[in-house]
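Visitor: Before I ask anything, here is the structure I am working with.
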Amino acid sequence: MRSEDEHLAARLGVALSARGWRMGTAESCTGGLMASTLTDTPGSSAWFEGAVVAYDNRVKTDLLGISGDILTGHGAVSRECVETMVAGLCSLLRVPVGIAVSGIAGPTGGSAEKPVGTVWMAWSVECRIWSRVFHFTGDRAAVKRRSVLAGLGELEAFLTKNGAP
């Protein structure tokens, strides 16, 4: 039996393929797990372009266009950062659809303002960008997996709700 994330990735692939769209991911705290989950789906090469694992802030800056002002003023785990990450990703990969994720998977690295489990995500569909913060519980692996499910689930729900182009 296929797991929840495999079913979700397959449904997302169908929704993207129906529109002729390709997508990519920009990942920090998930370390490429979202891209791995998507590429575990047979046929994903038809709709998945690639990923940037921007774990270090230098990669966020150099590849995705995050300014030092955003990192200093808001931090890597912020709305401003992930919205810029997803815009930079879509431009870099020349895709109409993208997901960006940055968070604190733990067990260390949290603060009173941004505790372990805080994860910001942003999505872009044809240059329409929206974002959300999540507060996941569990160990590092659980936070990463829940981030993947939430990120893919939000995109699949958006595509399903908005129907065919």
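Here's how to read the names in the structure tokens: chain A, B, ... by the order shown, residue numbers from 1 in each chain, ligand numbers from 1 in the order shown.
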Set the distance at 6 Å and use only C-alpha atoms: which residues neighbour Gly24 of chain A once local chain neighbours fewer than 3 positions away are removed? I'd like the list as a list in words.
Guide: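 Once the nearby chain positions are removed, what remains is Glu49, Gly50, Ala51 and Gly98 of chain A.
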Visitor: Can you tell me which residues surround Thr84 of chain A at a distance of at most 9 Å, considering only C-alpha atoms, apart from same-chain residues fewer than 5 positions away, and format the answer as a list in words?
Guide: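 My reading of the contact set: Leu64, Gly65, Ile66, Ser67, Arg79, Leu89, Ala100 and Ala122 of chain A.
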Visitor: Those residues you just picked out, can you put them in a file as a compact mmCIF listing (two decimals), in the first residue's frame with N, CA and C atoms?
Guide:
```txt
# COMPACT_ATOMS: atom_id res chain seq x y z
N LEU A 64 18.89 32.14 -4.96
CA LEU A 64 17.47 32.47 -4.92
C LEU A 64 17.18 33.95 -4.74
N GLY A 65 18.22 34.75 -4.56
CA GLY A 65 18.05 36.19 -4.53
C GLY A 65 17.58 36.78 -3.20
N ILE A 66 17.78 36.06 -2.10
CA ILE A 66 17.40 36.60 -0.80
C ILE A 66 18.39 37.69 -0.41
N SER A 67 17.89 38.85 -0.08
CA SER A 67 18.78 39.95 0.29
C SER A 67 19.26 39.81 1.74
N ARG A 79 8.18 34.84 6.51
CA ARG A 79 7.34 35.03 5.31
C ARG A 79 8.17 35.68 4.21
N LEU A 89 13.14 30.83 -7.13
CA LEU A 89 13.14 29.47 -7.67
C LEU A 89 12.44 29.41 -9.02
N ALA A 100 8.44 26.78 -1.60
CA ALA A 100 9.63 27.07 -0.81
C ALA A 100 9.33 26.78 0.64
N ALA A 122 5.98 28.94 1.25
CA ALA A 122 5.38 29.80 0.24
C ALA A 122 5.18 28.98 -1.02
```
Visitor: Atom CA of Leu38 of chain A and atom CA of Tyr55 of chain A are how many Å apart?
Guide: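 Pair atom CA of Leu38 of chain A / atom CA of Tyr55 of chain A returns 18.9 Å.
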Visitor: Would you list the contacts of Glu126 of chain A as a ChimeraX atom specification, taking every protein, DNA or RNA residue within 8 Å and counting only C-alpha atoms, but skipping same-chain residues closer than 2 positions in sequence?
Guide: /A:96-97,124,128
Visitor: Based on DSSP run over this structure's backbone, return all residues of chain A in strand (DSSP E or B), as a ChimeraX atom specification.
Guide: /A:23-27,48-53,97-103,118-125,128-135
Visitor: Quote the spacing between atom CA of Val82 of chain A and atom CA of Ser131 of chain A in Å to one decimal place.
Guide: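 Going from atom CA of Val82 of chain A over to atom CA of Ser131 of chain A, I get 7.6 Å.
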Visitor: Which residues come within 8 Å of Thr39 of chain A, counting only C-alpha atoms, excluding same-chain residues fewer than 5 positions away, as a list in words?
Guide: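 Counting only the stated atoms, we get Ser44, Ser45 and Phe48 of chain A.
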Visitor: How would the residues just picked look written out with N, CA and C atoms as a PDB file, in the first residue's frame?
Guide:
```
ATOM      1  N   SER A  44       7.271  11.329 -12.774  1.00  0.00           N
ATOM      2  CA  SER A  44       7.455  12.705 -12.277  1.00  0.00           C
ATOM      3  C   SER A  44       8.347  13.548 -13.180  1.00  0.00           C
ATOM      4  N   SER A  45       9.144  12.909 -14.021  1.00  0.00           N
ATOM      5  CA  SER A  45       9.989  13.700 -14.927  1.00  0.00           C
ATOM      6  C   SER A  45       9.153  14.508 -15.917  1.00  0.00           C
ATOM      7  N   PHE A  48       8.119  17.494 -12.935  1.00  0.00           N
ATOM      8  CA  PHE A  48       9.036  18.021 -11.916  1.00  0.00           C
ATOM      9  C   PHE A  48      10.332  18.458 -12.580  1.00  0.00           C
TER      10      PHE A  48
END
```
Visitor: Quick one: contact table of segment 102-136 of chain A to segment 142-155 of chain A, 7 Å max, nearest atom pair and distance in Å to one decimal per residue, counting only C-alpha atoms, chain and number order, as CSV?
Guide:
```
residue,atom,partner,partner_atom,distance
A:Ala105,CA,A:Val143,CA,5.6
A:Gly117,CA,A:Val143,CA,6.1
A:Met121,CA,A:Gly151,CA,6.9
A:Phe136,CA,A:Val143,CA,5.8
```
Visitor: Residues of segment 13-165 of chain A classed as helix (DSSP H, G or I) by DSSP on the backbone are to be reported as a PyMOL selection string.
Guide: chain A and resi 13-19+33-39+44-46+57-64+68-73+79-93+140-161
Visitor: Measuring atom to atom with only C-alpha atoms, identify which of A:Leu93, A:Thr118, A:Asp40, A:Phe158 is nearest to Ala76 of chain A.
Guide: A:Thr118
Visitor: Which residue, A:Ser102, A:Ser78, A:Thr160, A:Ser3, has the smallest gap to Ser28 of chain A when you use only C-alpha atoms?
Guide: A:Ser102
Visitor: Measuring between only C-alpha atoms, which one of A:Asp62, A:Thr108, A:Cys127, A:Phe134 shows the shortest distance to Val77 of chain A?
Guide: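 For Val77 of chain A, the nearest of the candidates is A:Phe134.
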Visitor: Pick out the closest residue to Ile99 of chain A from this set: A:Gly75, A:Ala10, A:Glu4, A:Val86. Count only C-alpha atoms.
Guide: A:Val86
